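Asks: My structure file query_3.cif, mmCIF, C-alpha atoms, is below:
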```
data_structure
loop_
_atom_site.label_atom_id
_atom_site.label_comp_id
_atom_site.auth_asym_id
_atom_site.auth_seq_id
_atom_site.Cartn_x
_atom_site.Cartn_y
_atom_site.Cartn_z
CA MET P 978 11.18 8.77 31.00
CA LYS P 979 10.78 4.97 30.95
CA LYS P 980 13.58 4.69 28.38
CA ILE P 981 15.90 6.76 30.54
CA LEU P 982 15.12 4.69 33.64
CA GLY P 983 15.57 1.54 31.58
CA LYS P 984 19.03 2.60 30.47
CA LEU P 985 19.99 3.51 34.04
CA LYS P 986 19.00 -0.01 35.18
CA LEU P 987 18.22 1.24 38.68
CA LYS P 988 16.37 -1.93 39.67
CA THR P 989 19.18 -4.18 38.40
CA HIS P 990 21.83 -2.30 40.36
CA LEU P 991 19.69 -2.27 43.53
CA LEU P 992 19.03 -6.02 43.39
CA THR P 993 22.70 -6.71 42.72
CA ALA P 994 23.67 -4.68 45.78
CA ILE P 995 21.05 -6.43 47.90
CA SER P 996 22.51 -9.78 46.87
CA TYR P 997 25.84 -8.55 48.30
CA LEU P 998 24.10 -7.13 51.36
CA ILE P 999 22.18 -10.24 52.41
CA PRO P 1000 25.27 -12.34 53.36
CA VAL P 1001 26.40 -9.47 55.60
CA VAL P 1002 22.94 -9.30 57.15
CA CYS P 1003 22.91 -13.08 57.64
CA GLY P 1004 26.38 -13.26 59.15
CA ALA P 1005 26.01 -10.24 61.42
CA GLY P 1006 22.39 -11.11 62.23
CA PHE P 1007 23.28 -14.61 63.39
CA LEU P 1008 26.20 -13.31 65.45
CA ILE P 1009 24.14 -10.74 67.33
CA ALA P 1010 21.17 -13.12 67.67
CA ILE P 1011 23.30 -15.92 69.17
CA GLY P 1012 25.22 -13.49 71.36
CA MET P 1013 22.06 -11.86 72.74
CA ALA P 1014 20.41 -15.27 73.18
CA PHE P 1015 23.08 -16.12 75.75
CA GLY P 1016 23.04 -12.76 77.49
CA GLY P 1017 25.46 -10.81 75.30
CA ASP P 1018 25.38 -7.01 75.15
CA SER P 1019 25.97 -5.37 71.74
CA SER P 1020 26.94 -2.07 73.43
CA MET P 1021 29.77 -3.62 75.48
CA ASP P 1022 33.17 -1.90 75.23
CA LEU P 1023 35.68 -4.55 74.13
CA THR P 1024 38.65 -2.34 75.03
CA LYS P 1025 37.89 -2.83 78.72
CA VAL P 1026 37.97 -6.00 80.79
CA GLY P 1027 34.85 -7.79 81.93
CA TYR P 1028 33.21 -8.81 78.68
CA SER P 1029 32.10 -12.37 77.93
CA PHE P 1030 32.33 -14.47 74.79
CA TRP P 1031 28.65 -13.76 74.10
CA ASP P 1032 29.29 -10.02 74.42
CA VAL P 1033 31.94 -10.40 71.71
CA LEU P 1034 29.47 -12.07 69.34
CA ALA P 1035 26.81 -9.44 69.99
CA VAL P 1036 29.26 -6.55 69.48
CA ILE P 1037 30.66 -7.98 66.23
CA GLY P 1038 27.16 -8.58 64.90
CA GLY P 1039 26.04 -5.08 65.90
CA LEU P 1040 29.03 -3.53 64.16
CA GLY P 1041 28.27 -5.50 61.00
CA LEU P 1042 24.66 -4.35 60.96
CA GLY P 1043 25.78 -0.78 61.59
CA LEU P 1044 27.73 -0.86 58.32
CA LEU P 1045 24.72 -1.73 56.15
CA PRO P 1046 24.51 1.80 54.63
CA VAL P 1047 28.17 1.42 53.57
CA ILE P 1048 27.58 -2.07 52.15
CA ILE P 1049 24.52 -1.06 50.10
CA SER P 1050 26.31 2.05 48.82
CA THR P 1051 29.41 0.10 47.81
CA GLY P 1052 27.35 -2.68 46.21
CA ILE P 1053 25.35 -0.27 44.04
CA ALA P 1054 28.44 1.71 43.04
CA TYR P 1055 30.26 -1.50 42.10
CA SER P 1056 27.28 -2.72 40.07
CA ILE P 1057 27.23 0.55 38.12
CA ALA P 1058 30.93 1.28 37.66
CA ASP P 1059 32.70 -2.00 38.46
CA LYS P 1060 35.92 -1.79 40.55
CA PRO P 1061 36.38 2.01 40.17
CA GLY P 1062 33.07 2.42 42.04
CA ILE P 1063 34.21 0.64 45.21
CA ALA P 1064 36.24 3.41 46.87
CA PRO P 1065 33.69 6.21 46.26
CA GLY P 1066 30.91 3.83 47.31
CA VAL P 1067 32.61 3.14 50.64
CA ILE P 1068 33.41 6.81 51.33
CA ILE P 1069 29.99 8.15 50.38
CA GLY P 1070 28.29 5.34 52.33
CA LEU P 1071 30.30 6.25 55.43
CA THR P 1072 29.38 9.90 54.88
CA ALA P 1073 25.69 8.95 54.77
CA ASN P 1074 26.14 7.23 58.12
CA ILE P 1075 27.88 10.22 59.66
CA VAL P 1076 25.26 12.78 58.58
CA GLY P 1077 22.41 10.59 59.80
CA ALA P 1078 21.02 9.76 56.37
CA GLY P 1079 21.16 6.08 57.28
CA PHE P 1080 20.26 3.23 54.96
CA ILE P 1081 18.30 5.44 52.54
CA GLY P 1082 21.28 7.77 52.34
CA GLY P 1083 23.59 4.86 51.64
CA LEU P 1084 21.27 3.62 48.93
CA ILE P 1085 21.09 7.00 47.19
CA GLY P 1086 24.80 7.55 47.81
CA GLY P 1087 25.60 4.32 45.97
CA PHE P 1088 23.85 5.54 42.84
CA MET P 1089 25.60 8.90 43.14
CA ALA P 1090 28.99 7.23 43.53
CA GLY P 1091 28.50 4.89 40.60
CA TYR P 1092 27.28 7.47 38.12
CA LEU P 1093 29.86 10.04 39.24
CA VAL P 1094 32.58 7.50 38.46
CA LEU P 1095 31.13 6.98 34.98
CA LEU P 1096 31.05 10.75 34.42
CA VAL P 1097 34.67 11.13 35.53
CA ILE P 1098 35.76 8.34 33.19
CA GLN P 1099 33.85 9.85 30.28
CA PHE P 1100 34.74 13.52 30.64
CA ILE P 1101 38.15 13.67 32.29
CA LYS P 1102 40.97 12.76 29.94
CA LEU P 1103 44.62 12.70 30.98
CA PRO P 1104 47.74 12.56 28.80
CA ASN P 1105 49.16 9.10 28.19
CA TRP P 1106 51.92 9.49 30.78
CA ALA P 1107 49.34 10.22 33.52
CA LYS P 1108 46.66 7.64 32.64
CA GLY P 1109 47.90 5.34 35.37
CA LEU P 1110 46.70 7.90 37.91
CA MET P 1111 43.06 7.59 36.81
CA PRO P 1112 42.02 4.42 38.71
CA MET P 1113 44.31 5.00 41.68
CA LEU P 1114 43.82 8.73 42.32
CA VAL P 1115 41.70 10.77 39.93
CA ILE P 1116 38.53 8.66 39.84
CA PRO P 1117 38.24 7.90 43.59
CA PHE P 1118 39.26 11.42 44.60
CA ILE P 1119 36.89 13.36 42.34
CA ALA P 1120 33.91 10.98 42.73
CA SER P 1121 34.35 10.82 46.53
CA LEU P 1122 34.83 14.59 46.81
CA VAL P 1123 31.77 15.53 44.76
CA GLY P 1124 29.61 12.73 46.19
CA GLY P 1125 30.64 13.48 49.78
CA ILE P 1126 29.89 17.20 49.39
CA LEU P 1127 26.49 16.41 47.83
CA MET P 1128 25.70 14.02 50.66
CA VAL P 1129 26.60 16.52 53.39
CA TYR P 1130 25.19 19.73 51.93
CA VAL P 1131 22.43 18.64 49.53
CA VAL P 1132 21.15 15.07 49.89
CA GLY P 1133 21.68 14.33 53.58
CA VAL P 1134 19.38 17.05 54.97
CA PRO P 1135 16.19 16.14 53.04
CA ILE P 1136 16.84 12.42 53.52
CA GLY P 1137 17.23 12.96 57.26
CA ALA P 1138 14.01 14.99 57.34
CA PHE P 1139 12.14 12.37 55.30
CA THR P 1140 13.43 9.56 57.50
CA GLU P 1141 12.34 11.41 60.62
CA TRP P 1142 8.87 12.03 59.15
CA LEU P 1143 8.54 8.41 58.05
CA THR P 1144 9.59 7.20 61.49
CA GLU P 1145 7.05 9.41 63.26
CA TYR P 1146 4.33 8.41 60.80
CA LEU P 1147 4.87 4.68 61.20
CA GLN P 1148 5.13 4.95 64.97
CA SER P 1149 1.74 6.66 65.04
CA LEU P 1150 -0.08 4.01 62.98
CA SER P 1151 -3.35 2.69 64.37
CA GLY P 1152 -4.42 -0.95 64.46
CA THR P 1153 -6.21 -0.81 61.09
CA SER P 1154 -3.25 0.81 59.35
CA LYS P 1155 -0.87 -1.73 60.85
CA LEU P 1156 -3.15 -4.48 59.63
CA MET P 1157 -3.04 -3.15 56.06
CA TYR P 1158 0.75 -2.75 56.12
CA GLY P 1159 1.10 -6.25 57.53
CA LEU P 1160 -1.12 -7.70 54.80
CA LEU P 1161 0.86 -5.87 52.11
CA ILE P 1162 4.27 -6.88 53.45
CA GLY P 1163 3.09 -10.46 53.92
CA VAL P 1164 1.76 -10.85 50.39
CA LEU P 1165 4.72 -9.19 48.66
CA ALA P 1166 7.26 -11.11 50.72
CA SER P 1167 5.68 -14.50 50.11
CA ILE P 1168 4.88 -14.67 46.40
CA ASP P 1169 8.34 -14.97 44.84
CA TYR P 1170 10.23 -17.03 47.45
CA GLY P 1171 13.29 -14.89 48.02
CA GLY P 1172 13.22 -13.35 44.53
CA PRO P 1173 13.32 -9.68 43.42
CA ILE P 1174 10.03 -8.66 45.07
CA ASN P 1175 11.04 -10.21 48.38
CA LYS P 1176 14.45 -8.53 48.22
CA THR P 1177 12.89 -5.14 47.40
CA VAL P 1178 10.56 -5.43 50.40
CA PHE P 1179 13.56 -6.47 52.49
CA ALA P 1180 15.45 -3.32 51.48
CA PHE P 1181 12.46 -1.16 52.46
CA VAL P 1182 11.82 -2.76 55.87
CA LEU P 1183 15.55 -2.83 56.60
CA THR P 1184 15.53 0.95 56.08
CA LEU P 1185 12.76 1.23 58.67
CA GLN P 1186 14.58 -1.00 61.15
CA ALA P 1187 17.63 1.23 60.88
CA GLN P 1188 15.37 4.00 62.26
CA GLY P 1189 14.20 1.88 65.17
CA ILE P 1190 10.96 0.57 63.63
CA HIS P 1191 11.13 -3.19 64.01
CA GLU P 1192 7.57 -4.36 63.26
CA PRO P 1193 7.78 -4.39 59.41
CA ILE P 1194 10.97 -6.47 59.23
CA THR P 1195 9.57 -8.85 61.84
CA ALA P 1196 6.56 -9.40 59.58
CA LEU P 1197 8.97 -10.22 56.75
CA ILE P 1198 10.91 -12.66 58.95
CA VAL P 1199 7.63 -14.33 59.94
CA VAL P 1200 6.62 -14.89 56.33
CA ASN P 1201 10.03 -16.12 55.16
CA THR P 1202 10.22 -18.51 58.11
CA ALA P 1203 6.67 -19.81 57.85
CA THR P 1204 6.53 -20.45 54.11
CA PRO P 1205 8.84 -23.51 53.94
CA ILE P 1206 7.41 -24.85 57.22
CA GLY P 1207 3.92 -24.44 55.74
CA PHE P 1208 4.88 -26.58 52.75
CA ALA P 1209 6.19 -29.27 55.09
CA PHE P 1210 3.13 -29.12 57.35
CA ALA P 1211 0.88 -29.43 54.28
CA TYR P 1212 2.33 -32.90 53.73
CA TRP P 1213 1.01 -34.04 57.12
CA VAL P 1214 -2.33 -32.24 56.77
CA ALA P 1215 -2.89 -33.85 53.37
CA LYS P 1216 -1.88 -37.23 54.78
CA LEU P 1217 -4.46 -36.77 57.52
CA PHE P 1218 -7.11 -36.35 54.82
CA LYS P 1219 -5.59 -39.27 52.85
CA LYS P 1220 -4.57 -37.01 49.99
CA ARG P 1221 -1.18 -37.28 48.29
CA ILE P 1222 -0.14 -33.78 47.16
CA TYR P 1223 3.61 -34.25 46.69
CA LYS P 1224 5.65 -36.53 44.47
CA LYS P 1225 8.38 -38.61 46.04
CA VAL P 1226 11.10 -36.22 44.84
CA GLU P 1227 9.16 -33.27 46.33
CA VAL P 1228 8.93 -35.04 49.69
CA GLU P 1229 12.71 -35.38 49.60
CA THR P 1230 12.95 -31.64 48.87
CA LEU P 1231 10.88 -30.92 51.98
CA LYS P 1232 13.47 -32.67 54.13
CA THR P 1233 15.89 -29.89 53.17
CA ALA P 1234 13.42 -27.01 52.91
CA PHE P 1235 11.98 -27.49 56.42
CA PRO P 1236 15.21 -26.96 58.42
CA MET P 1237 16.15 -24.12 56.05
CA GLY P 1238 12.84 -22.45 56.87
CA LEU P 1239 13.55 -22.55 60.59
CA ILE P 1240 16.41 -20.11 60.00
CA GLU P 1241 14.52 -18.05 57.38
CA ILE P 1242 15.91 -19.46 54.15
CA VAL P 1243 12.87 -19.67 51.91
CA GLU P 1244 14.46 -20.69 48.59
CA GLY P 1245 14.41 -24.39 49.54
CA VAL P 1246 10.79 -24.74 48.39
CA LEU P 1247 11.42 -23.45 44.86
CA PRO P 1248 11.69 -26.94 43.26
CA ILE P 1249 8.18 -27.68 44.57
CA VAL P 1250 6.76 -24.28 43.63
CA LEU P 1251 8.01 -24.50 40.04
CA ASN P 1252 5.97 -27.69 39.54
CA ASP P 1253 2.72 -25.92 40.51
CA ILE P 1254 3.30 -22.18 40.53
CA VAL P 1255 -0.24 -20.77 40.58
CA ARG P 1256 -1.59 -22.88 43.44
CA CYS P 1257 1.56 -22.45 45.50
CA VAL P 1258 1.61 -18.67 45.06
CA ILE P 1259 -2.05 -18.40 46.07
CA ALA P 1260 -1.47 -20.51 49.18
CA THR P 1261 1.69 -18.71 50.30
CA GLY P 1262 0.24 -15.29 49.44
CA ILE P 1263 -2.80 -15.82 51.67
CA GLY P 1264 -0.73 -17.44 54.41
CA GLY P 1265 1.83 -14.64 54.24
CA ALA P 1266 -0.89 -12.00 54.47
CA ILE P 1267 -2.24 -13.60 57.65
CA GLY P 1268 1.19 -14.01 59.24
CA GLY P 1269 2.34 -10.51 58.32
CA ALA P 1270 -0.87 -8.90 59.57
CA ILE P 1271 -0.80 -10.72 62.93
CA SER P 1272 2.86 -9.82 63.46
CA MET P 1273 2.30 -6.13 62.67
CA VAL P 1274 -0.90 -5.74 64.70
CA LEU P 1275 0.45 -7.52 67.79
CA GLY P 1276 3.77 -5.67 67.62
CA GLY P 1277 6.42 -8.23 66.73
CA ASN P 1278 9.76 -6.51 67.27
CA ALA P 1279 12.81 -8.54 66.24
CA GLN P 1280 15.96 -6.53 66.86
CA VAL P 1281 17.95 -8.24 64.10
CA PRO P 1282 16.95 -8.39 60.42
CA PHE P 1283 17.46 -12.10 59.78
CA GLY P 1284 17.47 -15.48 61.49
CA GLY P 1285 14.06 -17.12 61.67
CA PHE P 1286 13.54 -18.61 65.11
CA LEU P 1287 17.00 -17.42 66.13
CA VAL P 1288 15.56 -13.89 66.44
CA LEU P 1289 13.34 -14.94 69.37
CA PRO P 1290 15.87 -13.98 72.07
CA THR P 1291 16.05 -10.45 70.67
CA MET P 1292 12.29 -9.84 70.97
CA SER P 1293 10.42 -8.38 73.92
CA GLN P 1294 7.34 -10.36 72.82
CA PRO P 1295 8.60 -13.67 71.40
CA LEU P 1296 5.14 -15.21 71.73
CA VAL P 1297 3.86 -12.79 69.08
CA PHE P 1298 6.40 -14.14 66.60
CA VAL P 1299 5.45 -17.74 67.39
CA ILE P 1300 1.71 -17.04 67.04
CA ALA P 1301 2.21 -15.26 63.71
CA VAL P 1302 4.41 -18.06 62.32
CA VAL P 1303 1.99 -20.79 63.47
CA ALA P 1304 -1.00 -18.98 61.92
CA ASN P 1305 0.92 -18.45 58.68
CA VAL P 1306 1.98 -22.12 58.59
CA ILE P 1307 -1.53 -23.46 59.26
CA VAL P 1308 -3.21 -21.25 56.64
CA THR P 1309 -0.55 -22.02 54.00
CA ALA P 1310 -0.78 -25.77 54.69
CA LEU P 1311 -4.58 -25.88 54.60
CA ILE P 1312 -4.82 -23.95 51.33
CA LEU P 1313 -2.09 -26.07 49.73
CA THR P 1314 -3.98 -29.20 50.79
CA ILE P 1315 -7.23 -27.89 49.32
CA LEU P 1316 -5.86 -26.44 46.08
CA LYS P 1317 -3.20 -28.92 45.03
CA ARG P 1318 -4.29 -31.83 42.90
CA GLU P 1319 -3.76 -35.33 44.17
CA VAL P 1320 -0.64 -36.87 42.72
CA ASP P 1321 -1.24 -39.83 40.41
CA GLU P 1322 0.84 -42.59 41.98
CA THR P 1323 1.10 -44.44 38.66
CA GLU P 1324 2.50 -41.41 36.81
CA SER P 1325 4.84 -40.68 39.70
CA ALA P 1326 6.14 -44.26 39.68
CA GLU P 1327 6.71 -44.14 35.93
CA GLU P 1328 8.67 -40.88 36.24
CA GLU P 1329 10.84 -42.37 38.96
CA MET P 1330 11.48 -45.51 36.85
CA GLU P 1331 12.48 -43.36 33.88
CA GLU P 1332 14.93 -41.43 36.05
CA GLU P 1333 16.40 -44.65 37.46
CA GLU P 1334 16.82 -46.19 34.01
CA ILE P 1335 19.08 -43.41 32.77
CA ASN P 1336 22.56 -44.84 32.33
CA LEU P 1337 25.37 -42.31 32.03
CA SER P 1338 27.44 -44.81 30.05
CA ASP P 1339 24.86 -44.62 27.27
CA LEU P 1340 25.45 -40.90 26.79
CA LYS P 1341 27.80 -40.09 23.93
CA ILE P 1342 29.36 -36.83 22.88
CA SER P 1343 29.63 -36.59 19.11
#
```
Could you spell out this file's structure in structure tokens?

Replies:
Amino acid sequence: MKKILGKLKLKTHLLTAISYLIPVVCGAGFLIAIGMAFGGDSSMDLTKVGYSFWDVLAVIGGLGLGLLPVIISTGIAYSIADKPGIAPGVIIGLTANIVGAGFIGGLIGGFMAGYLVLLVIQFIKLPNWAKGLMPMLVIPFIASLVGGILMVYVVGVPIGAFTEWLTEYLQSLSGTSKLMYGLLIGVLASIDYGGPINKTVFAFVLTLQAQGIHEPITALIVVNTATPIGFAFAYWVAKLFKKRIYKKVEVETLKTAFPMGLIEIVEGVLPIVLNDIVRCVIATGIGGAIGGAISMVLGGNAQVPFGGFLVLPTMSQPLVFVIAVVANVIVTALILTILKREVDETESAEEEMEEEEINLSDLKIS
């Protein structure tokens, strides 16, 4: 079974599709967040007069987010079957949207589309004079036909039922259960700094948000926002205790990572993390657990899936988000200050001198 799953490369295709999905989420998320921040309405009808510029931003962003099942389906199909997978991926993703299978349906539909294309290529052979029809007609038609029928009559119904059950279950969670989910989301989201684990959690909580459950993705946003800010705040906490925990080059990195964190881009801290992985992962894991738990328990409900502090206008309880981020930042900073070793100023100075002494004119290519 493991060998079969390994050959299918399900995880690889999913992560590839998510990497295509995230820019759409970022672009659409920022549009709807900015639009709603200034009073825009994502349900406004742009074919009628009376809408404002902010309504336009909110509507465009909402439309982009509404296409996420199509994007994930197309991304997976493309990862599996290259260009021939695009058309079936789009069509089956749209079908998933129509039948109410949502993001989960789009995800499963992407795998169906991709592997159906591979089967068509392998088993359907045309004479030489008709081979030109394969990429333009035969492959997209057969894969879309079979995949669309499967989505409507076979896959869509159980996915819809599962989604409905999952929605009802999560909406009925008690305080203790929310706490545990928040801790889990917080830890998983914070320990690889935007890597595969973070992206996998993102795909899961995005699925829940598509069903109207906003608390899990808000916990993720809290953690991704707070982690870089926590690293920056640790510099000042350590300075307060007269402890030098960052090298000069790492302090320069913080100047970029901090503003990136404000809008939920966590990857800016990676150069610092890679110099001290274990201590950094422990600090961010504990901080993320606290931030995620507070957000889930208090009911943080960002209406868009990305944006850091830009999601505040979309929340009915923005103070919850702020409290969760502040708690996450403080815990992360304190643990970093405690765990990280004090930087040897002499060694740091020597490293900087060595870097400065490198002369590009001395480099020769033999």

Asks: Go through P:Leu1084, P:Leu1197, P:Cys1003, P:Ala1107 one by one, measure the shortest atom-to-atom distance of each to P:Leu1160 using all atoms listed in the file, and give the residue with the smallest value.

Replies: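 Of P:Leu1084, P:Leu1197, P:Cys1003, P:Ala1107, the one nearest P:Leu1160, counting all atoms listed in the file, is P:Leu1197.
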
Asks: Of the candidates P:Gly1269, P:Gly1238, P:Gly1079, P:Pro1104, which shows the shortest atom-to-atom distance to P:Leu1185, using only C-alpha atoms?

Replies: P:Gly1079

Asks: Listing only residues of stretch 1154-1211 of chain P within 10 Å of stretch 1045-1056 of chain P, what is the closest atom pair and its distance in Å (to one decimal) for each, using only C-alpha atoms, sorted by chain and residue number ascending, as JSON lines?

Replies:
```
{"residue": "P:Ala1180", "atom": "CA", "partner": "P:Ile1049", "partner_atom": "CA", "distance": 9.4}
{"residue": "P:Leu1183", "atom": "CA", "partner": "P:Leu1045", "partner_atom": "CA", "distance": 9.2}
{"residue": "P:Thr1184", "atom": "CA", "partner": "P:Pro1046", "partner_atom": "CA", "distance": 9.1}
{"residue": "P:Ala1187", "atom": "CA", "partner": "P:Leu1045", "partner_atom": "CA", "distance": 9.0}
```

Asks: Generate the output file for the selected residues, C-alpha atoms, as a short mmCIF file (atom, residue, chain, number, x, y, z; two decimals), in the coordinates of the input.

Replies:
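To be explicit, this is the file written out as selection.cif:
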```
data_model
loop_
_atom_site.label_atom_id
_atom_site.label_comp_id
_atom_site.auth_asym_id
_atom_site.auth_seq_id
_atom_site.Cartn_x
_atom_site.Cartn_y
_atom_site.Cartn_z
CA ALA P 1180 15.45 -3.32 51.48
CA LEU P 1183 15.55 -2.83 56.60
CA THR P 1184 15.53 0.95 56.08
CA ALA P 1187 17.63 1.23 60.88
#
```

Asks: Care to translate the PyMOL selection byres ((chain P and resi 999) around 10) into actual residues of this file, as number ranges by chain?

Replies: P: 994-998, 1000-1006, 1045, 1048-1049, 1176, 1179-1180, 1282-1283

Asks: Taking 3 positions as the minimum chain separation for residues in the same chain, which residues sit within 12 Å of P:Ile1136 when counting all atoms listed in the file? Answer as a PDB file with C-alpha atoms, keeping the file's coordinate frame.

Replies:
```
ATOM      1  CA  ALA P1073      25.690   8.950  54.770  1.00  0.00           C
ATOM      2  CA  ASN P1074      26.140   7.230  58.120  1.00  0.00           C
ATOM      3  CA  VAL P1076      25.260  12.780  58.580  1.00  0.00           C
ATOM      4  CA  GLY P1077      22.410  10.590  59.800  1.00  0.00           C
ATOM      5  CA  ALA P1078      21.020   9.760  56.370  1.00  0.00           C
ATOM      6  CA  GLY P1079      21.160   6.080  57.280  1.00  0.00           C
ATOM      7  CA  PHE P1080      20.260   3.230  54.960  1.00  0.00           C
ATOM      8  CA  ILE P1081      18.300   5.440  52.540  1.00  0.00           C
ATOM      9  CA  GLY P1082      21.280   7.770  52.340  1.00  0.00           C
ATOM     10  CA  GLY P1083      23.590   4.860  51.640  1.00  0.00           C
ATOM     11  CA  LEU P1084      21.270   3.620  48.930  1.00  0.00           C
ATOM     12  CA  ILE P1085      21.090   7.000  47.190  1.00  0.00           C
ATOM     13  CA  GLY P1086      24.800   7.550  47.810  1.00  0.00           C
ATOM     14  CA  LEU P1127      26.490  16.410  47.830  1.00  0.00           C
ATOM     15  CA  MET P1128      25.700  14.020  50.660  1.00  0.00           C
ATOM     16  CA  VAL P1129      26.600  16.520  53.390  1.00  0.00           C
ATOM     17  CA  TYR P1130      25.190  19.730  51.930  1.00  0.00           C
ATOM     18  CA  VAL P1131      22.430  18.640  49.530  1.00  0.00           C
ATOM     19  CA  VAL P1132      21.150  15.070  49.890  1.00  0.00           C
ATOM     20  CA  GLY P1133      21.680  14.330  53.580  1.00  0.00           C
ATOM     21  CA  PHE P1139      12.140  12.370  55.300  1.00  0.00           C
ATOM     22  CA  THR P1140      13.430   9.560  57.500  1.00  0.00           C
ATOM     23  CA  GLU P1141      12.340  11.410  60.620  1.00  0.00           C
ATOM     24  CA  TRP P1142       8.870  12.030  59.150  1.00  0.00           C
ATOM     25  CA  LEU P1143       8.540   8.410  58.050  1.00  0.00           C
ATOM     26  CA  THR P1144       9.590   7.200  61.490  1.00  0.00           C
ATOM     27  CA  THR P1184      15.530   0.950  56.080  1.00  0.00           C
TER      28      THR P1184
END
```

Asks: Let me make sure I understand: among P:Asp1321, P:Val1115, P:Leu1071, P:Phe1088, which one has the smallest atom-to-atom distance to P:Phe1100 if we use all atoms listed in the file?

Replies: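 That would be P:Val1115, the residue with the smallest distance to P:Phe1100.
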
Asks: Set the distance at 9 Å and use all atoms listed in the file: which residues neighbour stretch 1220-1230 of chain P once local chain neighbours fewer than 2 positions away are removed? I'd like the list as a PDB file with C-alpha atoms, keeping the file's coordinate frame.

Replies:
```pdb
ATOM      1  CA  ALA P1209       6.190 -29.270  55.090  1.00  0.00           C
ATOM      2  CA  ALA P1211       0.880 -29.430  54.280  1.00  0.00           C
ATOM      3  CA  TYR P1212       2.330 -32.900  53.730  1.00  0.00           C
ATOM      4  CA  VAL P1214      -2.330 -32.240  56.770  1.00  0.00           C
ATOM      5  CA  ALA P1215      -2.890 -33.850  53.370  1.00  0.00           C
ATOM      6  CA  LYS P1216      -1.880 -37.230  54.780  1.00  0.00           C
ATOM      7  CA  LEU P1217      -4.460 -36.770  57.520  1.00  0.00           C
ATOM      8  CA  PHE P1218      -7.110 -36.350  54.820  1.00  0.00           C
ATOM      9  CA  LYS P1232      13.470 -32.670  54.130  1.00  0.00           C
ATOM     10  CA  THR P1233      15.890 -29.890  53.170  1.00  0.00           C
ATOM     11  CA  ALA P1234      13.420 -27.010  52.910  1.00  0.00           C
ATOM     12  CA  PHE P1235      11.980 -27.490  56.420  1.00  0.00           C
ATOM     13  CA  GLY P1245      14.410 -24.390  49.540  1.00  0.00           C
ATOM     14  CA  VAL P1246      10.790 -24.740  48.390  1.00  0.00           C
ATOM     15  CA  PRO P1248      11.690 -26.940  43.260  1.00  0.00           C
ATOM     16  CA  ILE P1249       8.180 -27.680  44.570  1.00  0.00           C
ATOM     17  CA  LEU P1313      -2.090 -26.070  49.730  1.00  0.00           C
ATOM     18  CA  THR P1314      -3.980 -29.200  50.790  1.00  0.00           C
ATOM     19  CA  LYS P1317      -3.200 -28.920  45.030  1.00  0.00           C
ATOM     20  CA  ARG P1318      -4.290 -31.830  42.900  1.00  0.00           C
ATOM     21  CA  GLU P1319      -3.760 -35.330  44.170  1.00  0.00           C
ATOM     22  CA  VAL P1320      -0.640 -36.870  42.720  1.00  0.00           C
ATOM     23  CA  ASP P1321      -1.240 -39.830  40.410  1.00  0.00           C
ATOM     24  CA  GLU P1322       0.840 -42.590  41.980  1.00  0.00           C
ATOM     25  CA  SER P1325       4.840 -40.680  39.700  1.00  0.00           C
ATOM     26  CA  ALA P1326       6.140 -44.260  39.680  1.00  0.00           C
ATOM     27  CA  GLU P1329      10.840 -42.370  38.960  1.00  0.00           C
TER      28      GLU P1329
END
```

Asks: Find the distance between atom CA of P:Val1134 and atom CA of P:His1191 and write it in Å to one decimal.

Replies: 23.7 Å

Asks: Counting all atoms listed in the file, which residues come within 12 Å of (-7.2, -22.4, 53.5), with the point read in the file's coordinates, and could you list them as a ChimeraX atom specification?

Replies: /P:1207,1211,1214,1256-1257,1259-1265,1267,1304-1317

Asks: Using all atoms listed in the file, which residue out of P:Ser1121, P:Asn1105, P:Ser1272, P:Thr1204 lies closest to P:Leu1093?

Replies: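 The closest residue to P:Leu1093 is P:Ser1121.
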
Asks: Can you work out which one of P:Ile1300, P:Val1097, P:Leu1247, P:Ala1064 has the shortest atom-to-atom distance to P:Tyr1170, counting all atoms listed in the file?

Replies: P:Leu1247

Asks: Measure the distance from atom CA of P:Leu992 to atom CA of P:Thr1291 in Å and round it to one decimal.

Replies: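 One can read the atom CA of P:Leu992 to atom CA of P:Thr1291 distance as 27.8 Å.
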
Asks: Take atom CA of P:Gly1163 and atom CA of P:Pro1236 and report the distance between them in Å, one decimal.

Replies: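 Spanning atom CA of P:Gly1163 to atom CA of P:Pro1236 is a straight-line distance of 21.0 Å.
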
Asks: Of the candidates P:Gly1152, P:Gly1276, P:Gly1038, P:Gly1125, which one gets nearest to P:Ile1068 if we count all atoms listed in the file?

Replies: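 Nearest candidate to P:Ile1068 out of P:Gly1152, P:Gly1276, P:Gly1038, P:Gly1125: P:Gly1125.
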
Asks: P:Ala1301: which residues within 9 Å, counting only C-alpha atoms, same-chain residues fewer than 2 positions away excluded, as an mmCIF file with C-alpha atoms, in the coordinates of the input?

Replies:
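This went into around.cif:
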```
data_model
loop_
_atom_site.group_PDB
_atom_site.id
_atom_site.type_symbol
_atom_site.label_atom_id
_atom_site.label_comp_id
_atom_site.auth_asym_id
_atom_site.auth_seq_id
_atom_site.Cartn_x
_atom_site.Cartn_y
_atom_site.Cartn_z
ATOM 1 C CA ALA P 1196 6.560 -9.400 59.580
ATOM 2 C CA VAL P 1199 7.630 -14.330 59.940
ATOM 3 C CA VAL P 1200 6.620 -14.890 56.330
ATOM 4 C CA ALA P 1203 6.670 -19.810 57.850
ATOM 5 C CA ILE P 1267 -2.240 -13.600 57.650
ATOM 6 C CA GLY P 1268 1.190 -14.010 59.240
ATOM 7 C CA GLY P 1269 2.340 -10.510 58.320
ATOM 8 C CA ALA P 1270 -0.870 -8.900 59.570
ATOM 9 C CA ILE P 1271 -0.800 -10.720 62.930
ATOM 10 C CA SER P 1272 2.860 -9.820 63.460
ATOM 11 C CA LEU P 1275 0.450 -7.520 67.790
ATOM 12 C CA GLY P 1277 6.420 -8.230 66.730
ATOM 13 C CA LEU P 1296 5.140 -15.210 71.730
ATOM 14 C CA VAL P 1297 3.860 -12.790 69.080
ATOM 15 C CA PHE P 1298 6.400 -14.140 66.600
ATOM 16 C CA VAL P 1299 5.450 -17.740 67.390
ATOM 17 C CA VAL P 1303 1.990 -20.790 63.470
ATOM 18 C CA ALA P 1304 -1.000 -18.980 61.920
ATOM 19 C CA ASN P 1305 0.920 -18.450 58.680
ATOM 20 C CA VAL P 1306 1.980 -22.120 58.590
#
```
